[in-house]
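Shown below: protein-v2.pdb, with PDB, C-alpha atoms, pLDDT in the B column.
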```
ATOM      1  CA  MET A   1     235.401 -32.934  28.187  1.00 71.00           C
ATOM      2  CA  SER A   2     235.024 -36.622  29.012  1.00 77.00           C
ATOM      3  CA  ALA A   3     238.085 -38.644  29.990  1.00 79.00           C
ATOM      4  CA  ASP A   4     239.350 -42.034  28.800  1.00 78.00           C
ATOM      5  CA  THR A   5     241.468 -44.125  31.132  1.00 80.00           C
ATOM      6  CA  THR A   6     241.943 -47.038  28.712  1.00 84.00           C
ATOM      7  CA  LEU A   7     244.107 -45.146  26.196  1.00 93.00           C
ATOM      8  CA  VAL A   8     247.682 -44.053  26.832  1.00 93.00           C
ATOM      9  CA  ALA A   9     249.521 -41.092  25.349  1.00 96.00           C
ATOM     10  CA  ASP A  10     252.052 -43.227  23.463  1.00 96.00           C
ATOM     11  CA  GLN A  11     249.224 -44.995  21.651  1.00 97.00           C
ATOM     12  CA  VAL A  12     247.605 -41.713  20.640  1.00 97.00           C
ATOM     13  CA  HIS A  13     250.878 -40.105  19.572  1.00 98.00           C
ATOM     14  CA  ALA A  14     251.797 -43.166  17.499  1.00 98.00           C
ATOM     15  CA  ALA A  15     248.506 -42.701  15.654  1.00 98.00           C
ATOM     16  CA  GLY A  16     249.310 -38.994  15.369  1.00 98.00           C
ATOM     17  CA  ALA A  17     252.609 -39.816  13.691  1.00 98.00           C
ATOM     18  CA  ARG A  18     250.844 -41.976  11.112  1.00 98.00           C
ATOM     19  CA  LEU A  19     248.221 -39.286  10.516  1.00 98.00           C
ATOM     20  CA  ALA A  20     250.943 -36.658  10.034  1.00 98.00           C
ATOM     21  CA  VAL A  21     252.611 -38.734   7.310  1.00 98.00           C
ATOM     22  CA  GLU A  22     249.367 -39.143   5.386  1.00 98.00           C
ATOM     23  CA  ALA A  23     248.383 -35.494   5.847  1.00 98.00           C
ATOM     24  CA  ALA A  24     251.732 -34.350   4.450  1.00 98.00           C
ATOM     25  CA  ARG A  25     251.216 -36.588   1.430  1.00 98.00           C
ATOM     26  CA  PHE A  26     247.756 -35.173   0.677  1.00 98.00           C
ATOM     27  CA  THR A  27     248.959 -31.615   1.281  1.00 98.00           C
ATOM     28  CA  GLY A  28     251.610 -32.228  -1.357  1.00 98.00           C
ATOM     29  CA  PHE A  29     248.845 -33.117  -3.803  1.00 97.00           C
ATOM     30  CA  GLY A  30     247.123 -29.800  -3.057  1.00 98.00           C
ATOM     31  CA  TRP A  31     244.143 -31.517  -1.447  1.00 98.00           C
ATOM     32  CA  MET A  32     244.524 -29.993   2.039  1.00 98.00           C
ATOM     33  CA  ARG A  33     245.153 -26.342   1.287  1.00 97.00           C
ATOM     34  CA  GLY A  34     245.433 -23.837   4.102  1.00 96.00           C
ATOM     35  CA  THR A  35     244.361 -25.758   7.183  1.00 96.00           C
ATOM     36  CA  SER A  36     241.575 -27.675   5.427  1.00 97.00           C
ATOM     37  CA  GLY A  37     240.808 -31.369   5.626  1.00 97.00           C
ATOM     38  CA  ASN A  38     241.306 -33.950   8.348  1.00 97.00           C
ATOM     39  CA  ILE A  39     242.283 -37.584   8.773  1.00 98.00           C
ATOM     40  CA  SER A  40     241.375 -40.010  11.525  1.00 98.00           C
ATOM     41  CA  GLU A  41     242.302 -43.461  12.762  1.00 98.00           C
ATOM     42  CA  VAL A  42     240.276 -45.641  15.120  1.00 98.00           C
ATOM     43  CA  VAL A  43     242.270 -46.296  18.298  1.00 98.00           C
ATOM     44  CA  SER A  44     239.482 -48.100  20.185  1.00 97.00           C
ATOM     45  CA  ARG A  45     236.237 -49.807  19.177  1.00 96.00           C
ATOM     46  CA  GLU A  46     234.665 -50.317  22.606  1.00 94.00           C
ATOM     47  CA  PRO A  47     234.109 -47.540  23.340  1.00 95.00           C
ATOM     48  CA  LEU A  48     234.624 -45.953  19.927  1.00 97.00           C
ATOM     49  CA  ARG A  49     237.588 -43.574  19.994  1.00 97.00           C
ATOM     50  CA  LEU A  50     239.319 -41.921  17.060  1.00 98.00           C
ATOM     51  CA  ALA A  51     242.601 -40.059  16.838  1.00 98.00           C
ATOM     52  CA  VAL A  52     242.003 -37.145  14.470  1.00 98.00           C
ATOM     53  CA  THR A  53     244.244 -34.385  13.161  1.00 98.00           C
ATOM     54  CA  ALA A  54     243.806 -31.265  15.272  1.00 97.00           C
ATOM     55  CA  SER A  55     241.888 -28.286  13.914  1.00 96.00           C
ATOM     56  CA  GLY A  56     243.434 -25.091  12.594  1.00 96.00           C
ATOM     57  CA  LEU A  57     246.869 -26.487  11.761  1.00 97.00           C
ATOM     58  CA  ASP A  58     248.760 -26.692   8.469  1.00 97.00           C
ATOM     59  CA  LYS A  59     248.324 -30.332   7.518  1.00 97.00           C
ATOM     60  CA  GLY A  60     251.711 -30.409   5.816  1.00 97.00           C
ATOM     61  CA  GLU A  61     253.524 -29.546   9.049  1.00 98.00           C
ATOM     62  CA  LEU A  62     251.877 -31.774  11.648  1.00 98.00           C
ATOM     63  CA  LEU A  63     253.778 -33.329  14.521  1.00 98.00           C
ATOM     64  CA  PRO A  64     252.790 -36.617  16.181  1.00 98.00           C
ATOM     65  CA  THR A  65     251.370 -34.562  19.051  1.00 98.00           C
ATOM     66  CA  ASP A  66     249.099 -32.501  16.754  1.00 98.00           C
ATOM     67  CA  VAL A  67     246.235 -34.895  17.355  1.00 98.00           C
ATOM     68  CA  ALA A  68     242.981 -34.965  19.291  1.00 97.00           C
ATOM     69  CA  VAL A  69     240.922 -37.898  20.539  1.00 97.00           C
ATOM     70  CA  VAL A  70     237.164 -37.957  19.957  1.00 97.00           C
ATOM     71  CA  GLY A  71     234.274 -40.202  20.858  1.00 97.00           C
ATOM     72  CA  SER A  72     231.306 -41.562  18.938  1.00 96.00           C
ATOM     73  CA  ARG A  73     229.687 -38.138  18.479  1.00 95.00           C
ATOM     74  CA  GLY A  74     232.916 -36.360  17.622  1.00 96.00           C
ATOM     75  CA  GLU A  75     233.208 -34.962  21.131  1.00 95.00           C
ATOM     76  CA  ALA A  76     236.678 -34.317  22.530  1.00 95.00           C
ATOM     77  CA  VAL A  77     237.938 -37.008  24.926  1.00 96.00           C
ATOM     78  CA  ALA A  78     240.752 -36.326  27.386  1.00 95.00           C
ATOM     79  CA  VAL A  79     243.675 -38.747  27.554  1.00 96.00           C
ATOM     80  CA  GLU A  80     246.361 -38.307  30.184  1.00 95.00           C
ATOM     81  CA  GLY A  81     249.554 -36.999  28.589  1.00 95.00           C
ATOM     82  CA  VAL A  82     247.812 -35.815  25.405  1.00 96.00           C
ATOM     83  CA  ALA A  83     247.477 -32.052  24.959  1.00 94.00           C
ATOM     84  CA  PRO A  84     243.789 -31.025  24.779  1.00 93.00           C
ATOM     85  CA  LEU A  85     243.885 -29.773  21.193  1.00 95.00           C
ATOM     86  CA  ARG A  86     240.635 -28.879  19.469  1.00 94.00           C
ATOM     87  CA  PRO A  87     239.331 -31.471  16.999  1.00 94.00           C
ATOM     88  CA  SER A  88     237.590 -30.320  13.856  1.00 87.00           C
ATOM     89  CA  ALA A  89     233.809 -30.163  14.051  1.00 85.00           C
ATOM     90  CA  GLU A  90     233.912 -32.647  11.158  1.00 95.00           C
ATOM     91  CA  ALA A  91     235.238 -35.270  13.565  1.00 97.00           C
ATOM     92  CA  GLY A  92     231.579 -36.073  14.200  1.00 96.00           C
ATOM     93  CA  LEU A  93     231.205 -37.299  10.631  1.00 97.00           C
ATOM     94  CA  HIS A  94     234.449 -39.276  10.884  1.00 98.00           C
ATOM     95  CA  ALA A  95     232.965 -41.078  13.875  1.00 98.00           C
ATOM     96  CA  ARG A  96     229.697 -41.784  12.047  1.00 97.00           C
ATOM     97  CA  VAL A  97     231.603 -43.175   9.066  1.00 98.00           C
ATOM     98  CA  ALA A  98     233.771 -45.393  11.271  1.00 98.00           C
ATOM     99  CA  ALA A  99     230.765 -46.657  13.233  1.00 98.00           C
ATOM    100  CA  LEU A 100     228.577 -47.415  10.196  1.00 98.00           C
ATOM    101  CA  THR A 101     231.185 -48.831   7.814  1.00 98.00           C
ATOM    102  CA  GLY A 102     233.547 -50.537  10.260  1.00 98.00           C
ATOM    103  CA  ALA A 103     236.438 -48.611   8.685  1.00 98.00           C
ATOM    104  CA  ASP A 104     239.506 -48.035  10.838  1.00 98.00           C
ATOM    105  CA  ALA A 105     240.642 -44.915   8.964  1.00 98.00           C
ATOM    106  CA  VAL A 106     238.810 -41.980   7.375  1.00 98.00           C
ATOM    107  CA  VAL A 107     240.229 -39.316   5.066  1.00 98.00           C
ATOM    108  CA  HIS A 108     238.603 -35.964   4.307  1.00 98.00           C
ATOM    109  CA  VAL A 109     240.210 -33.792   1.626  1.00 98.00           C
ATOM    110  CA  HIS A 110     239.176 -30.666  -0.260  1.00 98.00           C
ATOM    111  CA  ALA A 111     240.169 -32.060  -3.641  1.00 98.00           C
ATOM    112  CA  LEU A 112     238.931 -29.773  -6.421  1.00 98.00           C
ATOM    113  CA  ASN A 113     237.771 -32.611  -8.675  1.00 98.00           C
ATOM    114  CA  ALA A 114     235.423 -33.837  -5.955  1.00 98.00           C
ATOM    115  CA  VAL A 115     233.843 -30.407  -5.546  1.00 98.00           C
ATOM    116  CA  VAL A 116     233.457 -29.882  -9.310  1.00 98.00           C
ATOM    117  CA  ALA A 117     232.073 -33.393  -9.870  1.00 98.00           C
ATOM    118  CA  GLY A 118     229.601 -32.957  -7.022  1.00 98.00           C
ATOM    119  CA  ARG A 119     228.368 -29.719  -8.557  1.00 98.00           C
ATOM    120  CA  ARG A 120     228.096 -31.277 -12.035  1.00 98.00           C
ATOM    121  CA  TRP A 121     226.359 -34.489 -10.897  1.00 98.00           C
ATOM    122  CA  PRO A 122     224.434 -33.724  -7.687  1.00 98.00           C
ATOM    123  CA  GLY A 123     222.610 -37.055  -7.930  1.00 97.00           C
ATOM    124  CA  GLY A 124     225.895 -38.977  -7.768  1.00 98.00           C
ATOM    125  CA  VAL A 125     228.839 -39.631 -10.076  1.00 98.00           C
ATOM    126  CA  LEU A 126     228.326 -42.707 -12.252  1.00 98.00           C
ATOM    127  CA  LEU A 127     231.332 -44.725 -13.403  1.00 98.00           C
ATOM    128  CA  ARG A 128     231.844 -48.007 -15.235  1.00 96.00           C
ATOM    129  CA  ASP A 129     234.358 -49.880 -17.372  1.00 97.00           C
ATOM    130  CA  VAL A 130     237.431 -48.151 -15.926  1.00 97.00           C
ATOM    131  CA  GLU A 131     240.377 -50.188 -14.651  1.00 98.00           C
ATOM    132  CA  THR A 132     240.961 -47.921 -11.635  1.00 98.00           C
ATOM    133  CA  LEU A 133     237.600 -48.987 -10.186  1.00 98.00           C
ATOM    134  CA  LYS A 134     239.449 -52.038  -8.909  1.00 98.00           C
ATOM    135  CA  GLY A 135     241.322 -49.682  -6.602  1.00 98.00           C
ATOM    136  CA  ILE A 136     238.130 -49.056  -4.638  1.00 98.00           C
ATOM    137  CA  GLY A 137     237.080 -52.691  -4.539  1.00 97.00           C
ATOM    138  CA  ARG A 138     234.797 -52.690  -7.565  1.00 97.00           C
ATOM    139  CA  LEU A 139     234.986 -54.466 -10.928  1.00 97.00           C
ATOM    140  CA  ALA A 140     236.792 -52.961 -13.900  1.00 96.00           C
ATOM    141  CA  HIS A 141     234.016 -54.012 -16.295  1.00 95.00           C
ATOM    142  CA  ASP A 142     230.235 -54.420 -16.254  1.00 94.00           C
ATOM    143  CA  ASP A 143     229.889 -52.856 -12.806  1.00 95.00           C
ATOM    144  CA  GLU A 144     228.030 -49.550 -12.544  1.00 96.00           C
ATOM    145  CA  VAL A 145     229.480 -47.582  -9.660  1.00 97.00           C
ATOM    146  CA  ARG A 146     227.899 -44.484  -8.155  1.00 98.00           C
ATOM    147  CA  ILE A 147     229.896 -42.175  -5.908  1.00 98.00           C
ATOM    148  CA  PRO A 148     227.161 -40.637  -3.732  1.00 98.00           C
ATOM    149  CA  VAL A 149     226.836 -36.876  -3.383  1.00 98.00           C
ATOM    150  CA  ILE A 150     225.220 -35.463  -0.256  1.00 98.00           C
ATOM    151  CA  GLY A 151     224.428 -31.897   0.736  1.00 97.00           C
ATOM    152  CA  ASN A 152     226.740 -29.818   2.877  1.00 97.00           C
ATOM    153  CA  SER A 153     225.878 -28.757   6.420  1.00 96.00           C
ATOM    154  CA  GLN A 154     227.684 -27.286   9.394  1.00 93.00           C
ATOM    155  CA  ASP A 155     225.512 -29.494  11.613  1.00 94.00           C
ATOM    156  CA  MET A 156     227.425 -32.768  11.860  1.00 93.00           C
ATOM    157  CA  ARG A 157     224.386 -34.672  13.093  1.00 93.00           C
ATOM    158  CA  GLU A 158     222.433 -33.603  10.013  1.00 96.00           C
ATOM    159  CA  LEU A 159     225.394 -34.323   7.738  1.00 96.00           C
ATOM    160  CA  GLY A 160     225.802 -37.744   9.335  1.00 96.00           C
ATOM    161  CA  ASP A 161     222.123 -38.510   8.746  1.00 97.00           C
ATOM    162  CA  TRP A 162     222.497 -37.583   5.077  1.00 97.00           C
ATOM    163  CA  PHE A 163     225.574 -39.766   4.840  1.00 97.00           C
ATOM    164  CA  GLU A 164     223.726 -42.753   6.300  1.00 96.00           C
ATOM    165  CA  SER A 165     220.758 -42.273   3.966  1.00 95.00           C
ATOM    166  CA  GLY A 166     223.011 -42.258   0.897  1.00 93.00           C
ATOM    167  CA  TYR A 167     225.502 -44.878   2.065  1.00 96.00           C
ATOM    168  CA  ASP A 168     226.277 -47.751  -0.306  1.00 95.00           C
ATOM    169  CA  PRO A 169     228.401 -50.401   1.455  1.00 97.00           C
ATOM    170  CA  ARG A 170     229.995 -51.295  -1.894  1.00 97.00           C
ATOM    171  CA  THR A 171     231.447 -47.807  -2.390  1.00 98.00           C
ATOM    172  CA  PRO A 172     233.969 -46.522   0.200  1.00 98.00           C
ATOM    173  CA  ALA A 173     233.593 -42.817  -0.525  1.00 98.00           C
ATOM    174  CA  VAL A 174     231.135 -39.932  -0.539  1.00 98.00           C
ATOM    175  CA  ILE A 175     231.259 -36.403  -1.929  1.00 98.00           C
ATOM    176  CA  VAL A 176     229.945 -33.575   0.228  1.00 98.00           C
ATOM    177  CA  ALA A 177     228.604 -30.975  -2.194  1.00 98.00           C
ATOM    178  CA  ASP A 178     230.634 -27.753  -2.490  1.00 98.00           C
ATOM    179  CA  HIS A 179     232.962 -29.079   0.201  1.00 98.00           C
ATOM    180  CA  GLY A 180     235.087 -32.130  -0.517  1.00 98.00           C
ATOM    181  CA  LEU A 181     235.579 -35.881  -0.420  1.00 98.00           C
ATOM    182  CA  TYR A 182     235.396 -38.446   2.366  1.00 98.00           C
ATOM    183  CA  ALA A 183     236.932 -41.869   1.824  1.00 98.00           C
ATOM    184  CA  TRP A 184     237.678 -44.725   4.191  1.00 98.00           C
ATOM    185  CA  GLY A 185     239.438 -48.036   4.501  1.00 98.00           C
ATOM    186  CA  THR A 186     240.555 -50.874   6.722  1.00 98.00           C
ATOM    187  CA  ASP A 187     243.655 -48.895   7.735  1.00 98.00           C
ATOM    188  CA  LEU A 188     245.356 -45.628   6.797  1.00 98.00           C
ATOM    189  CA  LYS A 189     247.174 -47.068   3.797  1.00 98.00           C
ATOM    190  CA  HIS A 190     243.954 -48.550   2.414  1.00 98.00           C
ATOM    191  CA  ALA A 191     242.084 -45.278   3.011  1.00 98.00           C
ATOM    192  CA  ARG A 192     244.900 -43.436   1.216  1.00 98.00           C
ATOM    193  CA  HIS A 193     244.660 -45.741  -1.780  1.00 98.00           C
ATOM    194  CA  VAL A 194     240.880 -45.348  -1.952  1.00 98.00           C
ATOM    195  CA  THR A 195     241.186 -41.560  -1.742  1.00 98.00           C
ATOM    196  CA  GLU A 196     243.765 -41.440  -4.518  1.00 98.00           C
ATOM    197  CA  CYS A 197     241.784 -43.767  -6.775  1.00 98.00           C
ATOM    198  CA  VAL A 198     238.473 -41.952  -6.244  1.00 98.00           C
ATOM    199  CA  GLU A 199     240.085 -38.588  -6.976  1.00 98.00           C
ATOM    200  CA  TRP A 200     241.560 -40.026 -10.203  1.00 98.00           C
ATOM    201  CA  LEU A 201     238.192 -41.489 -11.171  1.00 98.00           C
ATOM    202  CA  LEU A 202     236.500 -38.132 -10.624  1.00 98.00           C
ATOM    203  CA  ALA A 203     239.135 -36.417 -12.754  1.00 98.00           C
ATOM    204  CA  TYR A 204     238.524 -39.044 -15.453  1.00 98.00           C
ATOM    205  CA  ALA A 205     234.741 -38.568 -15.316  1.00 98.00           C
ATOM    206  CA  LEU A 206     235.116 -34.811 -15.709  1.00 98.00           C
ATOM    207  CA  ALA A 207     237.628 -35.172 -18.545  1.00 98.00           C
ATOM    208  CA  VAL A 208     235.458 -37.461 -20.678  1.00 97.00           C
ATOM    209  CA  ALA A 209     232.107 -35.830 -19.944  1.00 95.00           C
TER     210      ALA A 209
END
```
Output the file's structure in the form of C-alpha cells.
Amino acid sequence: MSADTTLVADQVHAAGARLAVEAARFTGFGWMRGTSGNISEVVSREPLRLAVTASGLDKGELLPTDVAVVGSRGEAVAVEGVAPLRPSAEAGLHARVAALTGADAVVHVHALNAVVAGRRWPGGVLLRDVETLKGIGRLAHDDEVRIPVIGNSQDMRELGDWFESGYDPRTPAVIVADHGLYAWGTDLKHARHVTECVEWLLAYALAVA
C-alpha cells in the first residue's frame, strides 16, 4: 500500500462523515441493500485521492471512520491515523470518473430502476420533454438526452475503458448493465441530486414505455 503524507486523518474522517450521511440517505431509499454500493469524494487533485466508503459494511450504519483512501487507479493509499480499511474494487471506476469528468463526488447505487432500464434499453435510455431533466443540467424541452448503458465487468480497467468510450460530458450518469447506476457532481449534494433525478427519470421512462 502506498502512503500519502499530504493528507491528514481529520480531513479524511470529515469526508467520511459526509459520505456516511449520504449513504444512510440512499440506504433509506433501498438503493444500497445489504452492503452494496459506494460513494466517494475527492480529497486531493494533485495527486488524485478519493475518500470512499469502505467495502463490506452496511451503508446505513457507517461511521466517519468507515472510509478508505484510494489513488488514481483505485489502489488503497495509507494515511497516518486512518485505519487501513479495504476499499471496494469499484473504487477504480470512481477514480476514472473523477479524473475524466472533473467531478468531486461520485455515487454508485444498486437502484432497481437502473438495472431494469439497462436491461430494457441496452443501447442507452432516451429521454426528452420531461421537467426533471433540468435536475441533471439538461433542458426540459427539445433536448434529447441519452443515459448511456455500458456492460458489466469485474475488471475495473476494462469497465473504466467502456465508461470512457460511452461518456457524454453533457450527461452526468451512466448505467452499468445488470449492476447499477453511477452518477457524479461538483460536490456530494450535487451528486445526490443528480442520482435522485436520474433514478426518477428512469422510473418515468419505464412507466410510460
For CA of Leu48 in chain A and CA of Gln11 in chain A, quote the distance in Å rounded to one decimal.
->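 Taking CA of Leu48 in chain A as the start and CA of Gln11 in chain A as the end point, the length is 14.7 Å.
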Name the residues captured by the PyMOL selection byres ((chain A and resi 141) around 9) when it is applied to the shown file; answer as a PyMOL selection string.
-> chain A and resi 128-131+133+138-140+142-144
Would you list the contacts of Gly166 in chain A as a ChimeraX atom specification, taking every protein, DNA or RNA residue within 10 Å and counting all atoms listed in the file, but skipping same-chain residues closer than 3 positions in sequence?
-> /A:124,147-150,160-163,169,174
Mind pulling up the distance from CA of Ala20 in chain A to CA of Glu80 in chain A?
->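 CA of Ala20 in chain A lies at a distance of 20.7 Å from CA of Glu80 in chain A.
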Kindly indicate which residue among A:Val176, A:Val109, A:Leu159, A:Val208 lies nearest to Glu196 in chain A, using only C-alpha atoms for the distances.
-> A:Val109
Residue nearest Val42 in chain A among A:Pro87, A:Gly16, A:Gly123, A:Gly151 (counting only C-alpha atoms) |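 With only C-alpha atoms as the atom set, the closest residue is A:Gly16.
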Name the residues in contact with Ala89 in chain A at a cut-off of 9 Å, using all atoms listed in the file, excluding same-chain residues fewer than 3 positions from it; report them as a PDB file with C-alpha atoms, in the frame of the given file.
```pdb
ATOM      1  CA  SER A  55     241.888 -28.286  13.914  1.00 96.00           C
ATOM      2  CA  GLY A  74     232.916 -36.360  17.622  1.00 96.00           C
ATOM      3  CA  GLU A  75     233.208 -34.962  21.131  1.00 95.00           C
ATOM      4  CA  ARG A  86     240.635 -28.879  19.469  1.00 94.00           C
ATOM      5  CA  GLY A  92     231.579 -36.073  14.200  1.00 96.00           C
ATOM      6  CA  LEU A  93     231.205 -37.299  10.631  1.00 97.00           C
ATOM      7  CA  GLN A 154     227.684 -27.286   9.394  1.00 93.00           C
ATOM      8  CA  ASP A 155     225.512 -29.494  11.613  1.00 94.00           C
ATOM      9  CA  MET A 156     227.425 -32.768  11.860  1.00 93.00           C
TER      10      MET A 156
END
```
Expanded to explicit residues, what is the PyMOL selection byres ((chain A and resi 14) around 12) for this file, as a list in words?
-> Leu7, Val8, Ala9, Asp10, Gln11, Val12, His13, Ala15, Gly16, Ala17, Arg18, Leu19, Ala20, Val21, Glu41, Val43, Ala51, Val52, Leu63, Pro64, Thr65, Asp66, Val67 and Val82 of chain A
Using only the atoms of range 109-119 of chain A listed in the file, plus 4 Å on each side, state the axis-aligned box centre and edge lengths in Å rounded to one decimal, as AutoDock Vina command-line options.
```
--center_x 234.3 --center_y -31.8 --center_z -4.1 --size_x 19.8 --size_y 12.1 --size_z 19.5
```
Taking the structure I provided as the source, export range 157-187 of chain A with N, CA and C atoms, as a compact mmCIF listing (two decimals), in the first residue's frame.
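Final output, saved to part-v9.txt:
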```
# COMPACT_ATOMS: atom_id res chain seq x y z
N ARG A 157 -10.38 -1.89 -14.87
CA ARG A 157 -9.73 -1.22 -16.00
C ARG A 157 -10.59 -1.34 -17.25
N GLU A 158 -11.12 -2.55 -17.49
CA GLU A 158 -12.00 -2.75 -18.64
C GLU A 158 -13.27 -1.92 -18.50
N LEU A 159 -13.86 -1.94 -17.30
CA LEU A 159 -15.08 -1.17 -17.07
C LEU A 159 -14.83 0.32 -17.26
N GLY A 160 -13.67 0.79 -16.80
CA GLY A 160 -13.32 2.19 -16.98
C GLY A 160 -13.16 2.55 -18.45
N ASP A 161 -12.59 1.64 -19.23
CA ASP A 161 -12.44 1.88 -20.67
C ASP A 161 -13.80 1.98 -21.34
N TRP A 162 -14.72 1.11 -20.94
CA TRP A 162 -16.08 1.17 -21.50
C TRP A 162 -16.77 2.46 -21.11
N PHE A 163 -16.55 2.88 -19.87
CA PHE A 163 -17.13 4.15 -19.43
C PHE A 163 -16.61 5.30 -20.29
N GLU A 164 -15.32 5.35 -20.50
CA GLU A 164 -14.74 6.45 -21.28
C GLU A 164 -15.25 6.43 -22.72
N SER A 165 -15.42 5.25 -23.29
CA SER A 165 -15.88 5.18 -24.68
C SER A 165 -17.32 5.63 -24.83
N GLY A 166 -18.13 5.47 -23.78
CA GLY A 166 -19.53 5.87 -23.86
C GLY A 166 -19.84 7.19 -23.20
N TYR A 167 -18.81 7.85 -22.67
CA TYR A 167 -19.02 9.07 -21.88
C TYR A 167 -19.54 10.23 -22.73
N ASP A 168 -20.60 10.87 -22.25
CA ASP A 168 -21.13 12.09 -22.85
C ASP A 168 -21.00 13.19 -21.79
N PRO A 169 -20.16 14.18 -22.01
CA PRO A 169 -19.94 15.20 -20.97
C PRO A 169 -21.19 15.99 -20.60
N ARG A 170 -22.25 15.87 -21.40
CA ARG A 170 -23.50 16.58 -21.08
C ARG A 170 -24.38 15.81 -20.10
N THR A 171 -24.06 14.53 -19.87
CA THR A 171 -24.92 13.67 -19.08
C THR A 171 -24.13 13.08 -17.91
N PRO A 172 -24.43 13.50 -16.67
CA PRO A 172 -23.61 13.11 -15.52
C PRO A 172 -24.01 11.78 -14.88
N ALA A 173 -24.22 10.77 -15.71
CA ALA A 173 -24.61 9.47 -15.17
C ALA A 173 -24.37 8.39 -16.21
N VAL A 174 -24.21 7.16 -15.73
CA VAL A 174 -24.09 6.00 -16.61
C VAL A 174 -24.69 4.80 -15.88
N ILE A 175 -25.35 3.94 -16.65
CA ILE A 175 -25.87 2.68 -16.12
C ILE A 175 -24.88 1.58 -16.46
N VAL A 176 -24.54 0.77 -15.48
CA VAL A 176 -23.76 -0.44 -15.72
C VAL A 176 -24.75 -1.59 -15.78
N ALA A 177 -24.82 -2.26 -16.92
CA ALA A 177 -25.84 -3.27 -17.17
C ALA A 177 -25.84 -4.34 -16.08
N ASP A 178 -27.06 -4.72 -15.65
CA ASP A 178 -27.25 -5.77 -14.65
C ASP A 178 -26.49 -5.51 -13.36
N HIS A 179 -26.25 -4.22 -13.07
CA HIS A 179 -25.45 -3.88 -11.89
C HIS A 179 -26.03 -2.68 -11.16
N GLY A 180 -26.00 -1.50 -11.78
CA GLY A 180 -26.49 -0.33 -11.07
C GLY A 180 -26.18 0.96 -11.79
N LEU A 181 -26.25 2.05 -11.03
CA LEU A 181 -26.11 3.40 -11.57
C LEU A 181 -24.91 4.09 -10.96
N TYR A 182 -24.16 4.82 -11.79
CA TYR A 182 -23.14 5.75 -11.33
C TYR A 182 -23.59 7.15 -11.72
N ALA A 183 -23.46 8.08 -10.79
CA ALA A 183 -23.77 9.48 -11.06
C ALA A 183 -22.74 10.33 -10.34
N TRP A 184 -22.55 11.56 -10.81
CA TRP A 184 -21.49 12.39 -10.23
C TRP A 184 -21.88 13.86 -10.27
N GLY A 185 -21.13 14.64 -9.48
CA GLY A 185 -21.42 16.06 -9.41
C GLY A 185 -20.26 16.86 -8.86
N THR A 186 -20.47 18.15 -8.75
CA THR A 186 -19.42 19.06 -8.30
C THR A 186 -19.12 18.90 -6.82
N ASP A 187 -20.07 18.35 -6.06
CA ASP A 187 -19.86 18.03 -4.65
C ASP A 187 -20.88 16.96 -4.29
```
